[in-house]
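Down below is the structure, laid out as structure tokens.
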Amino acid sequence: NDTSAYKPLNLSKNKKHRLYENYEVQGGITKLGQQFKVGYSTNWENHYYSKYSVFYEMGNYKNIKISNIGLDWGIYGNIFKIPKYVYLNLFGGATVNYMTIASEGYSNDFSRSINYGFIGGAELELYLKKNLILLGHANQKFLFNAKQGNWMYYYGVGIKYTYLH
């Protein structure tokens, strides 16, 4: 008896291996400015899922114009739920990005770098319908070689759609 709001994809005859597909869009604030994300996740059973997100970040930090594009990947685990209504998930994973930094007013004064590191945080899911979810998201990144600082945060909201087969 499945109490989850997710519906399984019948990819296997073994009921222990069920897969769910989710698509999402998010927007929010970061240490550097604003960030926009699109993501895809697959669920394993009712408690864990893996998510890939592509993001674009832009802003000004200490009179420096920054644009940033990257990929976050994480494993999410459910720690609290009211089935079909509310799910609270914690996650950890990896992040990589390509950042361009330019000094204000100096079109030729810029640098580019590839940064990588770890990401962790929490995600709150509020079910609007069986397959439409409102997201609240907070994470912290640690980047090994970032010129703007090693610690980066993101707070955002979004919408997740669960694809039902």
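By order in the structure tokens, chains are A, B, ...; within a chain, residues start at 1; ligands start at 1, following the order shown.
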Each residue of stretch 35-106 of chain A with at least one atom at most 9 Å from stretch 134-145 of chain A should appear once, together with its nearest atom pair and the corresponding distance in Å (one decimal); atoms considered: only C-alpha atoms; ordering: chain, then increasing residue number; output as CSV.
```
residue,atom,partner,partner_atom,distance
A:Phe91,CA,A:Asn139,CA,8.8
A:Ala94,CA,A:Lys141,CA,8.7
A:Thr95,CA,A:Lys141,CA,7.7
A:Val96,CA,A:Leu143,CA,8.4
```
Please write the residues from the selection above to a file, keeping N, CA, C and O atoms, as a short mmCIF file (atom, residue, chain, number, x, y, z; two decimals), in the first residue's frame.
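New file out_38.cif:
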```cif
data_model
loop_
_atom_site.label_atom_id
_atom_site.label_comp_id
_atom_site.auth_asym_id
_atom_site.auth_seq_id
_atom_site.Cartn_x
_atom_site.Cartn_y
_atom_site.Cartn_z
N PHE A 91 19.68 16.95 1.93
CA PHE A 91 20.45 16.43 0.80
C PHE A 91 21.92 16.80 0.92
O PHE A 91 22.31 17.73 1.63
N ALA A 94 27.34 17.20 -4.98
CA ALA A 94 28.47 17.88 -5.62
C ALA A 94 27.97 19.01 -6.50
O ALA A 94 26.82 19.00 -6.96
N THR A 95 28.84 19.99 -6.73
CA THR A 95 28.51 21.13 -7.59
C THR A 95 29.73 21.50 -8.43
O THR A 95 30.88 21.33 -7.99
N VAL A 96 29.48 21.98 -9.63
CA VAL A 96 30.54 22.50 -10.51
C VAL A 96 29.95 23.68 -11.27
O VAL A 96 28.76 23.69 -11.60
#
```
Q: Compile the contact shell of A:Gly77 as a list in words: residues with an atom at most 12 Å away, counting only C-alpha atoms, same-chain residues fewer than 3 positions apart removed.
A: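 Close residues of A:Gly77: Asn43, Trp44, Glu45, Asn46, His47, Tyr48, Tyr49, Ser50, Lys51, Gly74, Phe80, Lys81, Tyr87, Leu88, Asn89, Leu90, Phe91, Gly92, Gly93, Gly120, Gly121, Ala122, Glu123 and Leu124 of chain A.
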Those residues you just picked out, can you put them in a file as a compact mmCIF listing (two decimals), in the first residue's frame with N, CA, C and O atoms?
```txt
# COMPACT_ATOMS: atom_id res chain seq x y z
N ASN A 43 13.00 9.32 -8.28
CA ASN A 43 12.79 8.81 -6.92
C ASN A 43 13.02 7.32 -6.86
O ASN A 43 12.67 6.58 -7.77
N TRP A 44 13.58 6.89 -5.72
CA TRP A 44 13.72 5.47 -5.40
C TRP A 44 12.82 5.24 -4.21
O TRP A 44 13.05 5.80 -3.13
N GLU A 45 11.79 4.45 -4.39
CA GLU A 45 10.82 4.21 -3.33
C GLU A 45 10.24 5.54 -2.85
O GLU A 45 10.07 6.45 -3.65
N ASN A 46 9.98 5.70 -1.57
CA ASN A 46 9.33 6.90 -1.07
C ASN A 46 10.24 7.79 -0.25
O ASN A 46 9.83 8.85 0.18
N HIS A 47 11.48 7.39 0.00
CA HIS A 47 12.30 8.12 0.94
C HIS A 47 13.54 8.78 0.35
O HIS A 47 14.13 9.65 0.97
N TYR A 48 13.98 8.38 -0.84
CA TYR A 48 15.22 8.90 -1.41
C TYR A 48 15.03 9.26 -2.88
O TYR A 48 14.26 8.65 -3.58
N TYR A 49 15.79 10.28 -3.31
CA TYR A 49 15.80 10.58 -4.73
C TYR A 49 17.09 11.29 -5.11
O TYR A 49 17.80 11.83 -4.26
N SER A 50 17.40 11.24 -6.38
CA SER A 50 18.58 11.87 -6.94
C SER A 50 18.12 13.02 -7.84
O SER A 50 17.17 12.85 -8.59
N LYS A 51 18.78 14.18 -7.71
CA LYS A 51 18.37 15.35 -8.50
C LYS A 51 19.58 15.97 -9.20
O LYS A 51 20.65 16.12 -8.62
N GLY A 74 22.65 15.92 -6.34
CA GLY A 74 22.55 15.51 -4.95
C GLY A 74 21.67 14.30 -4.74
O GLY A 74 20.83 13.96 -5.57
N PHE A 80 10.92 13.94 7.28
CA PHE A 80 9.61 14.18 7.87
C PHE A 80 8.58 14.24 6.76
O PHE A 80 8.86 14.81 5.70
N LYS A 81 7.40 13.67 7.01
CA LYS A 81 6.36 13.77 6.00
C LYS A 81 4.98 13.66 6.62
O LYS A 81 4.79 13.02 7.65
N TYR A 87 6.48 17.19 2.64
CA TYR A 87 7.68 16.38 2.77
C TYR A 87 8.86 17.32 3.05
O TYR A 87 9.01 18.34 2.38
N LEU A 88 9.68 16.98 4.03
CA LEU A 88 10.91 17.72 4.33
C LEU A 88 12.08 16.79 4.04
O LEU A 88 12.16 15.68 4.58
N ASN A 89 12.99 17.25 3.18
CA ASN A 89 14.11 16.43 2.73
C ASN A 89 15.43 17.13 3.03
O ASN A 89 15.54 18.36 2.90
N LEU A 90 16.45 16.36 3.40
CA LEU A 90 17.83 16.85 3.51
C LEU A 90 18.61 16.25 2.35
O LEU A 90 18.27 15.18 1.85
N PHE A 91 19.68 16.95 1.93
CA PHE A 91 20.45 16.43 0.80
C PHE A 91 21.92 16.80 0.92
O PHE A 91 22.31 17.73 1.63
N GLY A 92 22.73 16.06 0.18
CA GLY A 92 24.15 16.34 0.04
C GLY A 92 24.59 15.90 -1.34
O GLY A 92 23.98 15.01 -1.95
N GLY A 93 25.62 16.57 -1.87
CA GLY A 93 26.06 16.21 -3.21
C GLY A 93 27.25 17.03 -3.68
O GLY A 93 28.04 17.51 -2.86
N GLY A 120 25.04 21.04 0.25
CA GLY A 120 24.15 20.39 1.21
C GLY A 120 23.03 21.34 1.58
O GLY A 120 23.17 22.56 1.45
N GLY A 121 21.91 20.81 2.04
CA GLY A 121 20.81 21.69 2.41
C GLY A 121 19.53 20.95 2.71
O GLY A 121 19.53 19.75 3.01
N ALA A 122 18.43 21.70 2.60
CA ALA A 122 17.09 21.17 2.89
C ALA A 122 16.11 21.64 1.82
O ALA A 122 16.29 22.69 1.21
N GLU A 123 15.07 20.83 1.63
CA GLU A 123 14.02 21.15 0.67
C GLU A 123 12.67 20.80 1.28
O GLU A 123 12.51 19.72 1.84
N LEU A 124 11.73 21.72 1.19
CA LEU A 124 10.37 21.50 1.68
C LEU A 124 9.45 21.39 0.48
O LEU A 124 9.47 22.24 -0.41
```
Q: Write out as a PyMOL selection string each polymer residue whose atoms come within 9 Å of A:Gly59, counting only C-alpha atoms; drop sequence neighbours fewer than 3 positions from it.
A: chain A and resi 30-35+64-67
Q: Enumerate the residues of stretch 5-152 of chain A with a DSSP assignment of strand (DSSP E or B), computed from the backbone, and present them as a PyMOL selection string.
A: chain A and resi 9+19-30+34-44+48-60+64-82+86-103+110-129+132-143+151-152
Can you write just those residues out, C-alpha atoms, as an mmCIF file, in the first residue's frame?
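Below you can see again09.cif, which holds the result:
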```
data_model
loop_
_atom_site.group_PDB
_atom_site.id
_atom_site.type_symbol
_atom_site.label_atom_id
_atom_site.label_comp_id
_atom_site.auth_asym_id
_atom_site.auth_seq_id
_atom_site.Cartn_x
_atom_site.Cartn_y
_atom_site.Cartn_z
ATOM 1 C CA LEU A 9 6.736 4.120 -13.295
ATOM 2 C CA LEU A 19 11.050 4.978 -10.257
ATOM 3 C CA TYR A 20 9.352 8.398 -10.268
ATOM 4 C CA GLU A 21 10.170 11.297 -12.634
ATOM 5 C CA ASN A 22 10.007 14.954 -11.548
ATOM 6 C CA TYR A 23 10.717 18.232 -13.378
ATOM 7 C CA GLU A 24 11.126 21.577 -11.643
ATOM 8 C CA VAL A 25 11.928 25.268 -12.017
ATOM 9 C CA GLN A 26 13.210 27.507 -9.210
ATOM 10 C CA GLY A 27 14.309 31.056 -8.590
ATOM 11 C CA GLY A 28 15.949 32.650 -5.599
ATOM 12 C CA ILE A 29 18.675 34.728 -3.994
ATOM 13 C CA THR A 30 22.333 33.906 -3.457
ATOM 14 C CA GLN A 34 19.887 35.995 -8.177
ATOM 15 C CA GLN A 35 19.804 32.405 -9.367
ATOM 16 C CA PHE A 36 17.470 30.482 -11.671
ATOM 17 C CA LYS A 37 17.393 26.664 -11.840
ATOM 18 C CA VAL A 38 15.805 23.849 -13.802
ATOM 19 C CA GLY A 39 15.985 20.337 -12.418
ATOM 20 C CA TYR A 40 15.213 16.700 -13.039
ATOM 21 C CA SER A 41 14.914 14.079 -10.319
ATOM 22 C CA THR A 42 14.222 10.376 -10.068
ATOM 23 C CA ASN A 43 12.789 8.810 -6.923
ATOM 24 C CA TRP A 44 13.716 5.472 -5.400
ATOM 25 C CA TYR A 48 15.225 8.898 -1.407
ATOM 26 C CA TYR A 49 15.804 10.582 -4.732
ATOM 27 C CA SER A 50 18.579 11.874 -6.938
ATOM 28 C CA LYS A 51 18.371 15.347 -8.502
ATOM 29 C CA TYR A 52 20.316 17.103 -11.255
ATOM 30 C CA SER A 53 19.910 20.899 -11.545
ATOM 31 C CA VAL A 54 21.339 23.330 -14.079
ATOM 32 C CA PHE A 55 21.555 26.896 -12.782
ATOM 33 C CA TYR A 56 22.341 30.412 -13.947
ATOM 34 C CA GLU A 57 23.410 33.021 -11.403
ATOM 35 C CA MET A 58 24.000 36.729 -11.918
ATOM 36 C CA GLY A 59 24.737 39.668 -9.683
ATOM 37 C CA ASN A 60 27.127 42.239 -8.298
ATOM 38 C CA ILE A 64 32.230 43.161 -9.301
ATOM 39 C CA LYS A 65 29.799 41.868 -11.933
ATOM 40 C CA ILE A 66 29.449 38.088 -11.821
ATOM 41 C CA SER A 67 27.718 35.562 -14.069
ATOM 42 C CA ASN A 68 27.794 31.894 -13.272
ATOM 43 C CA ILE A 69 26.423 28.755 -14.935
ATOM 44 C CA GLY A 70 26.680 25.305 -13.404
ATOM 45 C CA LEU A 71 25.378 21.913 -12.387
ATOM 46 C CA ASP A 72 24.330 20.639 -8.950
ATOM 47 C CA TRP A 73 23.791 16.963 -8.216
ATOM 48 C CA GLY A 74 22.549 15.508 -4.951
ATOM 49 C CA ILE A 75 21.030 12.593 -3.082
ATOM 50 C CA TYR A 76 17.929 13.629 -1.115
ATOM 51 C CA GLY A 77 16.465 11.776 1.862
ATOM 52 C CA ASN A 78 13.101 12.349 3.510
ATOM 53 C CA ILE A 79 13.231 13.117 7.264
ATOM 54 C CA PHE A 80 9.608 14.183 7.872
ATOM 55 C CA LYS A 81 6.357 13.774 5.997
ATOM 56 C CA ILE A 82 2.636 14.135 6.183
ATOM 57 C CA VAL A 86 4.197 17.881 3.150
ATOM 58 C CA TYR A 87 7.684 16.380 2.766
ATOM 59 C CA LEU A 88 10.906 17.718 4.334
ATOM 60 C CA ASN A 89 14.114 16.427 2.730
ATOM 61 C CA LEU A 90 17.826 16.845 3.510
ATOM 62 C CA PHE A 91 20.454 16.432 0.803
ATOM 63 C CA GLY A 92 24.150 16.336 0.036
ATOM 64 C CA GLY A 93 26.059 16.215 -3.214
ATOM 65 C CA ALA A 94 28.472 17.876 -5.617
ATOM 66 C CA THR A 95 28.511 21.128 -7.587
ATOM 67 C CA VAL A 96 30.537 22.497 -10.508
ATOM 68 C CA ASN A 97 30.279 25.894 -12.230
ATOM 69 C CA TYR A 98 31.856 28.198 -14.795
ATOM 70 C CA MET A 99 32.096 31.748 -13.475
ATOM 71 C CA THR A 100 32.903 35.031 -15.217
ATOM 72 C CA ILE A 101 33.947 37.963 -13.012
ATOM 73 C CA ALA A 102 34.255 41.527 -14.397
ATOM 74 C CA SER A 103 35.150 44.758 -12.595
ATOM 75 C CA PHE A 110 37.627 40.109 -16.208
ATOM 76 C CA SER A 111 38.514 36.568 -15.242
ATOM 77 C CA ARG A 112 36.959 33.171 -15.786
ATOM 78 C CA SER A 113 37.187 30.111 -13.604
ATOM 79 C CA ILE A 114 35.801 26.624 -13.153
ATOM 80 C CA ASN A 115 34.817 25.962 -9.548
ATOM 81 C CA TYR A 116 33.824 22.705 -7.904
ATOM 82 C CA GLY A 117 32.886 21.529 -4.461
ATOM 83 C CA PHE A 118 30.194 20.156 -2.165
ATOM 84 C CA ILE A 119 26.560 21.139 -1.634
ATOM 85 C CA GLY A 120 24.153 20.394 1.209
ATOM 86 C CA GLY A 121 20.814 21.686 2.414
ATOM 87 C CA ALA A 122 17.088 21.171 2.887
ATOM 88 C CA GLU A 123 14.023 21.150 0.666
ATOM 89 C CA LEU A 124 10.372 21.501 1.682
ATOM 90 C CA GLU A 125 7.670 20.115 -0.639
ATOM 91 C CA LEU A 126 4.056 21.280 -0.281
ATOM 92 C CA TYR A 127 1.608 19.374 -2.485
ATOM 93 C CA LEU A 128 -0.831 21.594 -4.386
ATOM 94 C CA LYS A 129 -2.172 18.626 -6.397
ATOM 95 C CA LEU A 132 2.105 19.621 -8.681
ATOM 96 C CA ILE A 133 4.363 20.619 -5.787
ATOM 97 C CA LEU A 134 5.438 23.978 -4.337
ATOM 98 C CA LEU A 135 9.122 23.914 -3.291
ATOM 99 C CA GLY A 136 11.083 25.812 -0.672
ATOM 100 C CA HIS A 137 14.834 25.280 -0.973
ATOM 101 C CA ALA A 138 17.915 26.292 1.035
ATOM 102 C CA ASN A 139 21.479 25.149 0.449
ATOM 103 C CA GLN A 140 25.067 25.905 1.290
ATOM 104 C CA LYS A 141 27.951 25.256 -1.103
ATOM 105 C CA PHE A 142 31.647 24.903 -0.368
ATOM 106 C CA LEU A 143 33.748 25.677 -3.471
ATOM 107 C CA TRP A 151 31.100 29.462 1.059
ATOM 108 C CA MET A 152 28.010 30.249 -1.059
#
```
Q: Kindly indicate which residue among A:Pro83, A:Lys62, A:Ala146, A:Tyr153 lies nearest to A:Lys130, using only C-alpha atoms for the distances.
A: A:Pro83
